[in-house]
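*Asks:* Please read through the structure below; I'll follow up with questions.
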Amino acid sequence: GSTSIVYAIPAAQPVSLRLYDLQGREVKTLVDEPQSAGRYRVDLSVRGLASGTYFCRLQVGKIVQQRKMVLLK
């Protein structure tokens, strides 16, 4: 299985997109690089991940957004 994460950035900036478990441990780094302005789609393979709750953290420059994700296998 897989899912997609879509985001947009208004100007060229460093971007970090990471997945964490409930204990706050980083599970996967999906993006860690400067990106130009635009809309992006990142495919997240859930292969190797256990069912449970995860947090997806997107940091663009100084702006941070975090969303909860529930994985059911």
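Note on naming: chains are A, B, ... as they come in the structure tokens, residues start from 1 per chain, ligands start from 1 in the order shown.
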Please provide as a PyMOL selection string all residues within 7 Å of Gly38 of chain A, with the sequence filter that same-chain residues fewer than 2 positions apart are discarded (counting only C-alpha atoms).
*Replies:* chain A and resi 8-10+36+40
*Asks:* Run DSSP on the backbone of this structure and report the residues of chain A it assigns to strand (DSSP E), as JSON, numbers by chain.
*Replies:* {"A": [2, 3, 4, 5, 6, 7, 8, 9, 13, 14, 15, 16, 17, 18, 19, 20, 21, 26, 27, 28, 29, 30, 31, 32, 33, 34, 35, 38, 39, 40, 41, 42, 43, 44, 45, 52, 53, 54, 55, 56, 57, 58, 59, 60, 63, 64, 65, 66, 67, 68, 69, 70, 71]}
*Asks:* Can I get the selection written as a CSV table (one decimal), in the first residue's frame, with C-alpha atoms?
*Replies:*
chain,number,residue,atom,x,y,z
A,2,SER,CA,0.9,3.6,-0.3
A,3,THR,CA,-0.5,7.1,0.1
A,4,SER,CA,0.4,10.5,-1.3
A,5,ILE,CA,1.2,13.7,0.5
A,6,VAL,CA,0.5,16.9,-1.5
A,7,TYR,CA,1.8,20.3,-0.5
A,8,ALA,CA,2.6,23.7,-2.1
A,9,ILE,CA,5.2,26.2,-1.3
A,13,GLN,CA,12.9,27.4,0.5
A,14,PRO,CA,14.4,24.5,2.4
A,15,VAL,CA,11.8,21.8,2.8
A,16,SER,CA,11.7,18.9,5.3
A,17,LEU,CA,9.0,16.2,5.3
A,18,ARG,CA,9.4,13.5,7.9
A,19,LEU,CA,7.3,10.7,9.4
A,20,TYR,CA,7.4,10.1,13.2
A,21,ASP,CA,5.9,7.4,15.4
A,26,GLU,CA,11.7,9.5,13.2
A,27,VAL,CA,10.5,6.7,11.0
A,28,LYS,CA,11.2,8.0,7.5
A,29,THR,CA,12.6,11.1,5.8
A,30,LEU,CA,10.6,11.8,2.7
A,31,VAL,CA,12.0,15.2,1.7
A,32,ASP,CA,15.1,17.1,3.0
A,33,GLU,CA,16.2,19.6,0.4
A,34,PRO,CA,15.7,23.1,-1.0
A,35,GLN,CA,12.7,23.3,-3.4
A,38,GLY,CA,5.3,25.1,-6.7
A,39,ARG,CA,3.0,22.2,-5.8
A,40,TYR,CA,4.6,18.8,-4.9
A,41,ARG,CA,3.4,15.3,-4.4
A,42,VAL,CA,5.3,12.7,-2.4
A,43,ASP,CA,4.4,9.0,-2.5
A,44,LEU,CA,4.7,7.3,0.9
A,45,SER,CA,5.1,3.5,0.8
A,52,GLY,CA,-0.7,2.5,14.1
A,53,THR,CA,-0.7,6.2,14.5
A,54,TYR,CA,2.0,8.4,12.9
A,55,PHE,CA,2.7,12.1,12.6
A,56,CYS,CA,3.7,13.7,9.3
A,57,ARG,CA,5.7,16.9,9.9
A,58,LEU,CA,6.2,19.4,7.1
A,59,GLN,CA,8.6,22.3,7.6
A,60,VAL,CA,9.0,24.9,4.9
A,63,ILE,CA,6.6,27.4,8.9
A,64,VAL,CA,5.8,24.0,10.4
A,65,GLN,CA,2.7,21.9,10.0
A,66,GLN,CA,2.0,18.5,11.5
A,67,ARG,CA,-0.8,16.1,10.7
A,68,LYS,CA,-1.8,12.8,12.4
A,69,MET,CA,-2.0,9.7,10.1
A,70,VAL,CA,-3.5,6.4,11.0
A,71,LEU,CA,-2.2,3.3,9.2
